[in-house]
>>> print(open('structure.pdb').read())   # PDB, C-alpha atoms and all ligand atoms
ATOM      1  CA  MET A 128      19.261   0.108   4.456
ATOM      2  CA  LYS A 129      17.783   2.906   2.408
ATOM      3  CA  GLN A 130      14.073   3.030   1.677
ATOM      4  CA  SER A 131      14.813   2.628  -2.054
ATOM      5  CA  ALA A 132      16.532  -0.739  -1.454
ATOM      6  CA  LEU A 133      14.082  -1.954   1.196
ATOM      7  CA  PHE A 134      11.098  -1.570  -1.088
ATOM      8  CA  ASN A 135      12.888  -2.385  -4.348
ATOM      9  CA  ILE A 136      10.771  -4.565  -6.662
ATOM     10  CA  GLU A 137      12.353  -3.277  -9.880
ATOM     11  CA  GLY A 138      12.050  -5.946 -12.601
ATOM     12  CA  HIS A 139      10.113  -8.378 -10.395
ATOM     13  CA  VAL A 140       7.492 -10.409 -12.277
ATOM     14  CA  ALA A 141       4.027  -9.999 -10.777
ATOM     15  CA  MET A 142       0.429 -10.963 -11.436
ATOM     16  CA  VAL A 143      -2.784  -9.599  -9.937
ATOM     17  CA  THR A 144      -6.194 -11.275 -10.210
ATOM     18  CA  GLY A 145      -9.296  -9.088 -10.265
ATOM     19  CA  ALA A 146      -7.093  -6.178 -11.341
ATOM     20  CA  GLY A 147      -9.628  -4.303 -13.460
ATOM     21  CA  SER A 148     -10.944  -2.162 -10.634
ATOM     22  CA  GLY A 149     -10.862  -1.375  -6.941
ATOM     23  CA  ILE A 150      -8.274  -2.907  -4.642
ATOM     24  CA  GLY A 151      -6.787  -5.163  -7.344
ATOM     25  CA  LEU A 152      -6.184  -2.169  -9.589
ATOM     26  CA  ALA A 153      -4.476  -0.370  -6.681
ATOM     27  CA  TYR A 154      -2.171  -3.385  -6.199
ATOM     28  CA  ALA A 155      -1.333  -3.428  -9.911
ATOM     29  CA  GLU A 156      -0.639   0.316  -9.864
ATOM     30  CA  VAL A 157       1.711   0.278  -6.888
ATOM     31  CA  LEU A 158       3.628  -2.719  -8.230
ATOM     32  CA  ALA A 159       3.947  -1.250 -11.733
ATOM     33  CA  GLU A 160       4.781   2.264 -10.536
ATOM     34  CA  ASN A 161       7.637   0.763  -8.518
ATOM     35  CA  GLY A 162       9.194  -1.023 -11.459
ATOM     36  CA  ALA A 163       7.639  -4.508 -11.434
ATOM     37  CA  LYS A 164       6.505  -6.183 -14.661
ATOM     38  CA  VAL A 165       2.820  -6.692 -13.967
ATOM     39  CA  LEU A 166       0.172  -8.860 -15.615
ATOM     40  CA  LEU A 167      -3.279  -7.469 -14.845
ATOM     41  CA  THR A 168      -5.968 -10.152 -15.072
ATOM     42  CA  GLY A 169      -9.706  -9.958 -14.602
ATOM     43  CA  LYS A 170     -13.096 -10.557 -16.134
ATOM     44  CA  THR A 171     -13.772  -7.261 -17.899
ATOM     45  CA  PRO A 172     -11.588  -6.593 -20.988
ATOM     46  CA  GLU A 173     -12.491  -2.889 -21.297
ATOM     47  CA  ARG A 174     -11.414  -2.138 -17.729
ATOM     48  CA  LEU A 175      -8.193  -4.115 -18.040
ATOM     49  CA  GLU A 176      -7.288  -2.470 -21.340
ATOM     50  CA  ALA A 177      -8.026   1.030 -20.018
ATOM     51  CA  ALA A 178      -5.869   0.462 -16.920
ATOM     52  CA  THR A 179      -3.060  -1.096 -18.955
ATOM     53  CA  SER A 180      -3.004   1.757 -21.490
ATOM     54  CA  ARG A 181      -2.953   4.342 -18.715
ATOM     55  CA  LEU A 182      -0.088   2.612 -16.889
ATOM     56  CA  ARG A 183       1.894   2.105 -20.106
ATOM     57  CA  ALA A 184       1.501   5.797 -20.921
ATOM     58  CA  ALA A 185       3.061   6.493 -17.509
ATOM     59  CA  GLY A 186       6.078   4.349 -18.483
ATOM     60  CA  CYS A 187       5.105   1.144 -16.659
ATOM     61  CA  ASP A 188       5.847  -2.378 -17.912
ATOM     62  CA  VAL A 189       2.362  -3.921 -17.833
ATOM     63  CA  ASP A 190       0.246  -6.343 -19.805
ATOM     64  CA  CYS A 191      -3.282  -7.652 -19.376
ATOM     65  CA  GLN A 192      -5.215 -10.844 -19.962
ATOM     66  CA  VAL A 193      -8.862 -11.716 -19.516
ATOM     67  CA  LEU A 194      -9.097 -14.390 -16.828
ATOM     68  CA  ASP A 195     -12.087 -15.591 -14.849
ATOM     69  CA  ILE A 196     -10.409 -17.449 -11.972
ATOM     70  CA  ALA A 197     -13.335 -19.879 -11.931
ATOM     71  CA  ASP A 198     -11.916 -21.176 -15.240
ATOM     72  CA  THR A 199      -9.347 -23.252 -13.422
ATOM     73  CA  ASP A 200      -7.581 -24.561 -16.554
ATOM     74  CA  LYS A 201      -7.068 -21.033 -17.832
ATOM     75  CA  LEU A 202      -5.980 -19.908 -14.359
ATOM     76  CA  ARG A 203      -3.143 -22.411 -14.459
ATOM     77  CA  THR A 204      -2.107 -21.759 -18.065
ATOM     78  CA  THR A 205      -2.092 -17.993 -17.458
ATOM     79  CA  ILE A 206       0.217 -18.330 -14.452
ATOM     80  CA  ASP A 207       2.419 -20.894 -16.211
ATOM     81  CA  GLY A 208       2.540 -18.684 -19.324
ATOM     82  CA  LEU A 209       3.666 -15.640 -17.340
ATOM     83  CA  ALA A 210       6.397 -17.624 -15.567
ATOM     84  CA  ALA A 211       7.535 -19.163 -18.874
ATOM     85  CA  LYS A 212       7.663 -15.771 -20.601
ATOM     86  CA  HIS A 213       9.940 -14.215 -17.963
ATOM     87  CA  GLY A 214      11.670 -17.333 -16.633
ATOM     88  CA  ARG A 215      10.348 -16.596 -13.123
ATOM     89  CA  LEU A 216       7.425 -15.417 -11.022
ATOM     90  CA  ASP A 217       8.101 -13.231  -7.982
ATOM     91  CA  ILE A 218       4.813 -11.781  -6.791
ATOM     92  CA  MET A 219       1.188 -12.981  -6.886
ATOM     93  CA  PHE A 220      -1.793 -11.032  -5.597
ATOM     94  CA  ALA A 221      -4.772 -13.419  -5.302
ATOM     95  CA  ASN A 222      -7.358 -10.705  -4.969
ATOM     96  CA  VAL A 223     -10.675 -11.846  -6.433
ATOM     97  CA  GLY A 224     -13.610 -11.903  -4.069
ATOM     98  CA  ILE A 225     -17.306 -12.060  -4.849
ATOM     99  CA  SER A 226     -20.432 -11.910  -2.738
ATOM    100  CA  HIS A 227     -23.941 -13.263  -3.186
ATOM    101  CA  GLY A 228     -26.776 -11.590  -1.330
ATOM    102  CA  ARG A 229     -26.385  -9.540   1.818
ATOM    103  CA  GLY A 230     -26.089 -10.191   5.520
ATOM    104  CA  PHE A 231     -28.976 -10.830   7.946
ATOM    105  CA  LEU A 232     -28.754  -7.333   9.442
ATOM    106  CA  VAL A 233     -29.775  -5.720   6.161
ATOM    107  CA  ASP A 234     -31.756  -8.504   4.457
ATOM    108  CA  PRO A 235     -33.996 -11.195   6.032
ATOM    109  CA  ASN A 236     -32.859 -13.574   3.261
ATOM    110  CA  GLY A 237     -29.349 -13.239   4.654
ATOM    111  CA  SER A 238     -30.260 -15.332   7.702
ATOM    112  CA  LEU A 239     -28.885 -18.872   7.759
ATOM    113  CA  THR A 240     -32.432 -20.226   7.997
ATOM    114  CA  ALA A 241     -33.309 -18.543   4.674
ATOM    115  CA  ILE A 242     -30.025 -19.058   2.902
ATOM    116  CA  ASP A 243     -29.672 -19.763  -0.821
ATOM    117  CA  PHE A 244     -27.122 -22.583  -0.706
ATOM    118  CA  GLU A 245     -26.419 -22.441  -4.446
ATOM    119  CA  GLY A 246     -25.237 -18.858  -3.997
ATOM    120  CA  PHE A 247     -23.241 -19.888  -0.921
ATOM    121  CA  ARG A 248     -21.475 -22.647  -2.879
ATOM    122  CA  ARG A 249     -20.612 -20.286  -5.739
ATOM    123  CA  VAL A 250     -19.037 -17.757  -3.384
ATOM    124  CA  VAL A 251     -17.022 -20.420  -1.540
ATOM    125  CA  GLU A 252     -15.888 -21.914  -4.851
ATOM    126  CA  VAL A 253     -14.506 -18.596  -6.142
ATOM    127  CA  ASN A 254     -13.324 -16.970  -2.909
ATOM    128  CA  LEU A 255     -11.782 -20.020  -1.261
ATOM    129  CA  THR A 256     -11.144 -22.787  -3.788
ATOM    130  CA  CYS A 257     -10.082 -20.667  -6.766
ATOM    131  CA  ASN A 258      -7.870 -18.398  -4.651
ATOM    132  CA  LEU A 259      -6.208 -21.473  -3.135
ATOM    133  CA  LEU A 260      -5.578 -22.783  -6.647
ATOM    134  CA  THR A 261      -4.043 -19.407  -7.517
ATOM    135  CA  ILE A 262      -1.687 -19.753  -4.549
ATOM    136  CA  ALA A 263      -0.825 -23.339  -5.520
ATOM    137  CA  HIS A 264      -0.092 -22.566  -9.174
ATOM    138  CA  ALA A 265       2.073 -19.562  -8.232
ATOM    139  CA  ALA A 266       3.952 -21.506  -5.570
ATOM    140  CA  ARG A 267       4.873 -24.248  -8.049
ATOM    141  CA  HIS A 268       7.045 -21.660  -9.796
ATOM    142  CA  MET A 269       8.240 -19.837  -6.689
ATOM    143  CA  ARG A 270       9.396 -22.808  -4.597
ATOM    144  CA  PRO A 271      12.150 -23.968  -6.980
ATOM    145  CA  GLN A 272      13.350 -20.328  -7.238
ATOM    146  CA  LYS A 273      13.558 -20.149  -3.444
ATOM    147  CA  ARG A 274      11.818 -16.793  -3.561
ATOM    148  CA  GLY A 275       8.320 -15.402  -3.841
ATOM    149  CA  SER A 276       5.606 -13.356  -2.197
ATOM    150  CA  ILE A 277       1.925 -14.284  -2.375
ATOM    151  CA  VAL A 278      -0.649 -11.868  -0.999
ATOM    152  CA  VAL A 279      -4.310 -12.794  -0.628
ATOM    153  CA  THR A 280      -7.132 -10.297  -0.144
ATOM    154  CA  SER A 281      -9.618 -11.447   2.471
ATOM    155  CA  SER A 282     -11.774  -9.146   4.614
ATOM    156  CA  VAL A 283     -12.384  -8.138   8.206
ATOM    157  CA  ALA A 284     -15.526 -10.260   7.681
ATOM    158  CA  GLY A 285     -13.171 -13.249   7.941
ATOM    159  CA  LEU A 286     -11.949 -12.122  11.364
ATOM    160  CA  THR A 287     -15.177 -11.424  13.259
ATOM    161  CA  ALA A 288     -18.889 -11.884  12.611
ATOM    162  CA  GLU A 289     -20.058  -9.237  10.135
ATOM    163  CA  PRO A 290     -23.882  -9.191   9.926
ATOM    164  CA  ILE A 291     -23.838  -6.925   6.863
ATOM    165  CA  VAL A 292     -22.296  -9.561   4.571
ATOM    166  CA  SER A 293     -23.479 -12.994   3.477
ATOM    167  CA  TYR A 294     -22.564 -16.305   5.114
ATOM    168  CA  GLY A 295     -20.694 -17.414   1.998
ATOM    169  CA  TYR A 296     -18.556 -14.303   2.001
ATOM    170  CA  ALA A 297     -17.762 -14.452   5.734
ATOM    171  CA  ALA A 298     -17.051 -18.189   5.741
ATOM    172  CA  SER A 299     -14.887 -18.141   2.616
ATOM    173  CA  LYS A 300     -12.788 -15.243   3.881
ATOM    174  CA  ALA A 301     -12.279 -16.944   7.265
ATOM    175  CA  GLY A 302     -11.339 -20.160   5.448
ATOM    176  CA  LEU A 303      -8.700 -18.281   3.476
ATOM    177  CA  HIS A 304      -7.056 -17.152   6.694
ATOM    178  CA  ASN A 305      -6.151 -20.592   7.934
ATOM    179  CA  ALA A 306      -5.389 -21.888   4.461
ATOM    180  CA  VAL A 307      -2.859 -19.061   4.114
ATOM    181  CA  ARG A 308      -1.296 -19.861   7.490
ATOM    182  CA  GLN A 309      -1.031 -23.476   6.366
ATOM    183  CA  ALA A 310       0.571 -22.487   3.056
ATOM    184  CA  ALA A 311       2.986 -20.117   4.816
ATOM    185  CA  ALA A 312       4.211 -23.007   6.966
ATOM    186  CA  ASP A 313       4.255 -25.349   3.963
ATOM    187  CA  PHE A 314       6.438 -23.039   1.836
ATOM    188  CA  ALA A 315       8.531 -21.370   4.557
ATOM    189  CA  LEU A 316      11.735 -23.317   3.933
ATOM    190  CA  ASP A 317      11.559 -22.342   0.272
ATOM    191  CA  ASN A 318      11.409 -18.630   1.197
ATOM    192  CA  VAL A 319       7.970 -18.285  -0.369
ATOM    193  CA  ARG A 320       5.948 -15.969   1.846
ATOM    194  CA  VAL A 321       2.157 -16.049   1.976
ATOM    195  CA  ASN A 322       0.179 -13.310   3.706
ATOM    196  CA  VAL A 323      -3.338 -11.921   3.929
ATOM    197  CA  ILE A 324      -4.526  -8.350   3.674
ATOM    198  CA  ALA A 325      -7.900  -8.114   5.441
ATOM    199  CA  PRO A 326      -9.549  -4.842   4.410
ATOM    200  CA  GLY A 327     -12.351  -3.017   6.120
ATOM    201  CA  PRO A 328     -14.630  -0.912   3.889
ATOM    202  CA  PHE A 329     -12.934   0.508   0.779
ATOM    203  CA  LEU A 330     -14.609   2.579  -1.904
ATOM    204  CA  THR A 331     -14.766   0.123  -4.841
ATOM    205  CA  ASN A 332     -17.283  -1.536  -7.161
ATOM    206  CA  ILE A 333     -17.893  -4.427  -4.751
ATOM    207  CA  GLY A 334     -21.566  -5.260  -4.129
ATOM    208  CA  GLY A 335     -22.492  -3.459  -7.357
ATOM    209  CA  GLY A 336     -20.711  -0.277  -6.205
ATOM    210  CA  ARG A 337     -23.200   0.367  -3.386
ATOM    211  CA  LEU A 338     -20.629   2.330  -1.393
ATOM    212  CA  HIS A 339     -20.457   4.818  -4.293
ATOM    213  CA  THR A 340     -24.166   5.096  -4.998
ATOM    214  CA  ASP A 341     -26.093   4.292  -1.820
ATOM    215  CA  LYS A 342     -25.414   6.911   0.849
ATOM    216  CA  ALA A 343     -27.304   4.969   3.549
ATOM    217  CA  THR A 344     -25.157   1.843   3.015
ATOM    218  CA  ALA A 345     -21.986   3.938   2.893
ATOM    219  CA  LYS A 346     -22.988   5.505   6.228
ATOM    220  CA  VAL A 347     -23.615   2.088   7.830
ATOM    221  CA  PHE A 348     -20.114   0.994   6.815
ATOM    222  CA  ALA A 349     -18.456   4.267   7.839
ATOM    223  CA  ASP A 350     -20.259   4.326  11.205
ATOM    224  CA  GLY A 351     -18.819   0.913  12.050
ATOM    225  CA  VAL A 352     -15.265   2.211  11.704
ATOM    226  CA  PRO A 353     -13.540   4.105  14.546
ATOM    227  CA  MET A 354     -12.066   6.470  11.914
ATOM    228  CA  LYS A 355     -15.666   7.070  10.725
ATOM    229  CA  ARG A 356     -14.935   6.830   7.022
ATOM    230  CA  VAL A 357     -14.464   4.266   4.295
ATOM    231  CA  ALA A 358     -11.003   4.081   2.724
ATOM    232  CA  HIS A 359      -9.722   5.123  -0.681
ATOM    233  CA  THR A 360      -8.029   2.325  -2.622
ATOM    234  CA  ASP A 361      -4.740   4.297  -2.648
ATOM    235  CA  GLU A 362      -4.591   3.624   1.091
ATOM    236  CA  ILE A 363      -3.885  -0.084   0.542
ATOM    237  CA  LYS A 364      -0.792   0.513  -1.590
ATOM    238  CA  GLY A 365       1.759   0.927   1.229
ATOM    239  CA  LEU A 366       0.870  -2.398   2.855
ATOM    240  CA  ALA A 367       0.818  -4.140  -0.523
ATOM    241  CA  LEU A 368       4.317  -2.872  -1.356
ATOM    242  CA  LEU A 369       5.618  -3.835   2.093
ATOM    243  CA  LEU A 370       4.422  -7.431   1.678
ATOM    244  CA  ALA A 371       5.620  -7.751  -1.918
ATOM    245  CA  SER A 372       9.100  -6.288  -1.360
ATOM    246  CA  PRO A 373      12.281  -7.168   0.566
ATOM    247  CA  ALA A 374      10.970  -4.944   3.394
ATOM    248  CA  GLY A 375       8.570  -7.812   4.206
ATOM    249  CA  SER A 376      11.208 -10.547   4.053
ATOM    250  CA  TYR A 377      10.372 -12.022   7.513
ATOM    251  CA  ILE A 378       6.595 -11.579   7.295
ATOM    252  CA  THR A 379       4.749 -14.768   6.454
ATOM    253  CA  GLY A 380       1.505 -16.342   7.612
ATOM    254  CA  ALA A 381       0.289 -12.925   8.769
ATOM    255  CA  ILE A 382      -3.323 -11.767   8.588
ATOM    256  CA  ILE A 383      -3.116  -7.977   8.519
ATOM    257  CA  PRO A 384      -6.271  -5.893   8.929
ATOM    258  CA  ILE A 385      -6.376  -2.496   7.218
ATOM    259  CA  ASP A 386      -9.626  -1.210   8.586
ATOM    260  CA  GLY A 387      -9.495   2.181  10.286
ATOM    261  CA  GLY A 388      -9.461   0.412  13.658
ATOM    262  CA  SER A 389     -12.641  -1.658  13.178
ATOM    263  CA  THR A 390     -11.245  -4.916  14.540
ATOM    264  CA  ALA A 391      -9.319  -3.212  17.358
ATOM    265  CA  ILE A 392     -12.310  -2.248  19.462
ATOM    266  CA  LEU A 393     -15.543  -3.855  20.648
ATOM    267  CA  PRO A 394     -18.573  -2.388  18.839
ATOM    268  CA  GLY A 395     -20.205   0.482  20.695
ATOM    269  CA  ARG A 396     -17.185   1.195  22.928
ATOM    270  CA  GLY A 397     -16.666   4.876  22.204
ATOM    271  CA  THR A 398     -17.108   4.627  18.479
TER     272      THR A 398
HETATM  273  N1  LIG B 401     -14.192  -2.949  -1.059
HETATM  274  C1  LIG B 401     -14.280  -3.385   0.166
HETATM  275  O1  LIG B 401     -14.858  -2.713   1.030
HETATM  276  C2  LIG B 401     -13.662  -4.691   0.555
HETATM  277  C3  LIG B 401     -13.596  -5.014   1.916
HETATM  278  C4  LIG B 401     -13.032  -6.221   2.289
HETATM  279  C5  LIG B 401     -12.523  -7.055   1.321
HETATM  280  N2  LIG B 401     -12.589  -6.726  -0.005
HETATM  281  C6  LIG B 401     -12.035  -7.661  -0.971
HETATM  282  O2  LIG B 401     -11.206  -6.977  -1.888
HETATM  283  C7  LIG B 401     -11.114  -7.744  -3.085
HETATM  284  C8  LIG B 401     -11.301  -6.833  -4.285
HETATM  285  O3  LIG B 401     -12.624  -6.336  -4.287
HETATM  286  P1  LIG B 401     -12.949  -4.807  -4.580
HETATM  287  O4  LIG B 401     -13.569  -4.249  -3.371
HETATM  288  O5  LIG B 401     -11.773  -4.149  -5.166
HETATM  289  O6  LIG B 401     -14.131  -4.970  -5.634
HETATM  290  P2  LIG B 401     -14.233  -4.626  -7.182
HETATM  291  O7  LIG B 401     -15.563  -5.158  -7.586
HETATM  292  O8  LIG B 401     -13.948  -3.192  -7.434
HETATM  293  O9  LIG B 401     -13.070  -5.468  -7.835
HETATM  294  C9  LIG B 401     -13.127  -6.845  -7.995
HETATM  295  C10 LIG B 401     -12.590  -7.174  -9.366
HETATM  296  O10 LIG B 401     -12.543  -8.596  -9.494
HETATM  297  C11 LIG B 401     -13.104  -8.956 -10.730
HETATM  298  N3  LIG B 401     -13.658 -10.302 -10.631
HETATM  299  C12 LIG B 401     -14.812 -10.693 -10.037
HETATM  300  N4  LIG B 401     -14.970 -12.020 -10.159
HETATM  301  C13 LIG B 401     -13.892 -12.471 -10.837
HETATM  302  C14 LIG B 401     -13.479 -13.738 -11.262
HETATM  303  N5  LIG B 401     -14.220 -14.828 -11.043
HETATM  304  N6  LIG B 401     -12.312 -13.843 -11.929
HETATM  305  C15 LIG B 401     -11.550 -12.760 -12.168
HETATM  306  N7  LIG B 401     -11.891 -11.519 -11.799
HETATM  307  C16 LIG B 401     -13.053 -11.372 -11.136
HETATM  308  C17 LIG B 401     -14.160  -7.909 -11.035
HETATM  309  O11 LIG B 401     -14.421  -7.837 -12.429
HETATM  310  C18 LIG B 401     -13.480  -6.656 -10.474
HETATM  311  O12 LIG B 401     -12.699  -5.992 -11.451
HETATM  312  C19 LIG B 401     -12.156  -8.846  -2.960
HETATM  313  O13 LIG B 401     -11.537 -10.049  -2.564
HETATM  314  C20 LIG B 401     -13.069  -8.347  -1.850
HETATM  315  O14 LIG B 401     -13.732  -9.379  -1.199
HETATM  316  C21 LIG B 401     -13.156  -5.557  -0.406
END
>>> encode(input="structure.pdb", output="structure tokens")
Amino acid sequence: MKQSALFNIEGHVAMVTGAGSGIGLAYAEVLAENGAKVLLTGKTPERLEAATSRLRAAGCDVDCQVLDIADTDKLRTTIDGLAAKHGRLDIMFANVGISHGRGFLVDPNGSLTAIDFEGFRRVVEVNLTCNLLTIAHAARHMRPQKRGSIVVTSSVAGLTAEPIVSYGYAASKAGLHNAVRQAAADFALDNVRVNVIAPGPFLTNIGGGRLHTDKATAKVFADGVPMKRVAHTDEIKGLALLLASPAGSYITGAIIPIDGGSTAILPGRGT
């Protein structure tokens, strides 16, 4: 099979949450640039409109809609509206992730004994509950079609302890992993695949854009990676296209790190 057929998503109907910047924007770009009809959703209208105009000018079939995934009624009506408009839904990237506070290695308030449980609850609500709802609402359209690919963004902080991030972030990302495995088994006979991309450090606006502005924090993250650098968001596009396209047709329930080797080696062993 030729590469063009393997990765063909021409005309597929796709939605990305948290698509205004960073990793979500990279997902939207790679889907749109490869011929999918993409709905970019997110919280910030200016960012969504700028990205949509840029992609349209490049000939892509894209639209955007303001959507805070914590507004669970609007989450459902947005997904239902997209499926109704096109008569199908092929691809969903459940990408939103938020953090609250920092981990115990960099902030004493990040210790469990000092934790702000309100902040913890908010993070778990958005990262775990609202992303699971996104999966559920998408799957309601995909299962009767007997086709669909759902990709969830978690983090390497869901795979191992990560003292730089908060408890809420680490716990919600780990929770997503087994929820995705469960959903993959649940939907397997309907040919609806559900997978996780677990990134290491990528240069985005997460945490207020600290990786852009705070050289010391950027160095801490880069030093923890065997490749000794943080990633550019373009570097997530290949994996995203693999999982969304026919090339990934037998991949489901997978948790795939994309982390410069961080989770492959014990800390301090030659890195
Ligand atoms: N950047 C990294 O180093 C890194 C590492 C591991 C995992 N991740 C994960 O990648 C995903 C994307 O984050 P990013 O790094 O691109 O950050 P980002 O801040 O650049 O992008 C996140 C986007 O989501 C939007 N958003 C936030 N809350 C929302 C909500 N409730 N509803 C809808 N949209 C919302 C923001 O407006 C923003 O546009 C997150 O799940 C994050 O946890 C990022």
>>> closest_residue(input="structure.pdb", among="A:Pro172, A:Gly351, A:Gly375, A:Gly246", to="Ile225 of chain A", atoms="only C-alpha atoms")
A:Gly246
>>> closest_residue(input="structure.pdb", among="A:Thr204, A:Ser372, A:Ser180, A:Thr360", to="ligand LIG 401 (chain B)", atoms="all atoms listed in the file")
A:Thr360
>>> resolve_selection(input="structure.pdb", expression="the PyMOL selection byres (((not hetatm)) within 6 of (chain B and resi 401))", output="number ranges by chain")
A: 144-151, 169-171, 194-197, 222-225, 280-282, 326-333
>>> atom_distance(input="structure.pdb", atom1="atom CA of Arg267 of chain A", atom2="atom CA of Gly302 of chain A")
21.5 Å
>>> residues_around(input="structure.pdb", residues="Met219 of chain A", least_positions_apart="4", cutoff="7 Å", atoms="all atoms listed in the file", output="count of residues only")
7
>>> closest_residue(input="structure.pdb", among="A:His304, A:His264, A:Arg181, A:His339", to="Thr205 of chain A", atoms="only C-alpha atoms")
A:His264
>>> resolve_selection(input="structure.pdb", expression="the PyMOL selection byres (((chain A and resi 291) around 6) and not hetatm)", output="list in words")
Gly230, Leu232, Glu289, Pro290 and Val292 of chain A
>>> resolve_selection(input="structure.pdb", expression="the PyMOL selection byres (((chain A and resi 162) around 6) and not hetatm)", output="list in words")
Glu137, Gly138, Ala159, Glu160, Asn161 and Ala163 of chain A
>>> write_last_selection(input="structure.pdb", atoms="C-alpha atoms", output="tab-separated table (two decimals), keeping the file's coordinate frame")
chain	number	residue	atom	x	y	z
A	137	GLU	CA	12.35	-3.28	-9.88
A	138	GLY	CA	12.05	-5.95	-12.60
A	159	ALA	CA	3.95	-1.25	-11.73
A	160	GLU	CA	4.78	2.26	-10.54
A	161	ASN	CA	7.64	0.76	-8.52
A	163	ALA	CA	7.64	-4.51	-11.43
>>> closest_residue(input="structure.pdb", among="A:Ile385, A:Val140, A:His359, A:Gly228", to="Gly335 of chain A", atoms="only C-alpha atoms")
A:Gly228
>>> closest_residue(input="structure.pdb", among="A:Phe244, A:Asp234, A:Arg270, A:Ile324", to="Leu368 of chain A", atoms="all atoms listed in the file")
A:Ile324
>>> closest_residue(input="structure.pdb", among="A:Arg248, A:Tyr296, A:Leu167, A:Leu175", to="Asp188 of chain A", atoms="only C-alpha atoms")
A:Leu167
>>> residues_around(input="structure.pdb", residues="segment 390-392 of chain A", least_positions_apart="5", cutoff="10 Å", atoms="all atoms listed in the file", output="PDB file with C-alpha atoms, in the coordinates of the input")
ATOM      1  CA  VAL A 283     -12.384  -8.138   8.206  1.00  0.00           C
ATOM      2  CA  ALA A 284     -15.526 -10.260   7.681  1.00  0.00           C
ATOM      3  CA  LEU A 286     -11.949 -12.122  11.364  1.00  0.00           C
ATOM      4  CA  THR A 287     -15.177 -11.424  13.259  1.00  0.00           C
ATOM      5  CA  GLY A 327     -12.351  -3.017   6.120  1.00  0.00           C
ATOM      6  CA  GLY A 351     -18.819   0.913  12.050  1.00  0.00           C
ATOM      7  CA  VAL A 352     -15.265   2.211  11.704  1.00  0.00           C
ATOM      8  CA  PRO A 353     -13.540   4.105  14.546  1.00  0.00           C
ATOM      9  CA  PRO A 384      -6.271  -5.893   8.929  1.00  0.00           C
ATOM     10  CA  ILE A 385      -6.376  -2.496   7.218  1.00  0.00           C
ATOM     11  CA  GLY A 397     -16.666   4.876  22.204  1.00  0.00           C
ATOM     12  CA  THR A 398     -17.108   4.627  18.479  1.00  0.00           C
TER      13      THR A 398
END
>>> atom_distance(input="structure.pdb", atom1="atom CA of Ala306 of chain A", atom2="atom CA of Phe247 of chain A")
18.8 Å
>>> residues_around(input="structure.pdb", residues="segment 307-318 of chain A", least_positions_apart="3", cutoff="12 Å", atoms="all atoms listed in the file", output="ChimeraX atom specification")
/A:217,221,255,258-263,265-281,300-304,321-324,373,375-383
>>> build_atoms(input="structure.pdb", residues="segment 271-280 of chain A", atoms="N, CA, C and O atoms", output="JSON list (two decimals), in the coordinates of the input")
[["chain", "number", "residue", "atom", "x", "y", "z"],
["A", 271, "PRO", "N", 10.83, -23.63, -6.44],
["A", 271, "PRO", "CA", 12.15, -23.97, -6.98],
["A", 271, "PRO", "C", 13.08, -22.76, -7.07],
["A", 271, "PRO", "O", 14.30, -22.92, -6.99],
["A", 272, "GLN", "N", 12.51, -21.55, -7.19],
["A", 272, "GLN", "CA", 13.35, -20.33, -7.24],
["A", 272, "GLN", "C", 13.88, -19.94, -5.87],
["A", 272, "GLN", "O", 14.73, -19.09, -5.74],
["A", 273, "LYS", "N", 13.24, -20.51, -4.83],
["A", 273, "LYS", "CA", 13.56, -20.15, -3.44],
["A", 273, "LYS", "C", 13.27, -18.67, -3.17],
["A", 273, "LYS", "O", 13.97, -18.01, -2.43],
["A", 274, "ARG", "N", 12.21, -18.18, -3.81],
["A", 274, "ARG", "CA", 11.82, -16.79, -3.56],
["A", 274, "ARG", "C", 10.41, -16.55, -4.09],
["A", 274, "ARG", "O", 10.08, -17.02, -5.18],
["A", 275, "GLY", "N", 9.63, -15.80, -3.33],
["A", 275, "GLY", "CA", 8.32, -15.40, -3.84],
["A", 275, "GLY", "C", 7.46, -14.80, -2.73],
["A", 275, "GLY", "O", 7.66, -15.09, -1.55],
["A", 276, "SER", "N", 6.55, -13.94, -3.15],
["A", 276, "SER", "CA", 5.61, -13.36, -2.20],
["A", 276, "SER", "C", 4.19, -13.49, -2.76],
["A", 276, "SER", "O", 3.92, -13.07, -3.88],
["A", 277, "ILE", "N", 3.33, -14.11, -1.98],
["A", 277, "ILE", "CA", 1.92, -14.28, -2.38],
["A", 277, "ILE", "C", 1.08, -13.52, -1.36],
["A", 277, "ILE", "O", 1.26, -13.68, -0.14],
["A", 278, "VAL", "N", 0.20, -12.68, -1.88],
["A", 278, "VAL", "CA", -0.65, -11.87, -1.00],
["A", 278, "VAL", "C", -2.11, -12.12, -1.38],
["A", 278, "VAL", "O", -2.47, -12.03, -2.56],
["A", 279, "VAL", "N", -2.90, -12.45, -0.40],
["A", 279, "VAL", "CA", -4.31, -12.79, -0.63],
["A", 279, "VAL", "C", -5.18, -11.70, 0.00],
["A", 279, "VAL", "O", -4.93, -11.29, 1.13],
["A", 280, "THR", "N", -6.20, -11.27, -0.73],
["A", 280, "THR", "CA", -7.13, -10.30, -0.14],
["A", 280, "THR", "C", -8.27, -11.06, 0.51],
["A", 280, "THR", "O", -8.99, -11.81, -0.16]]
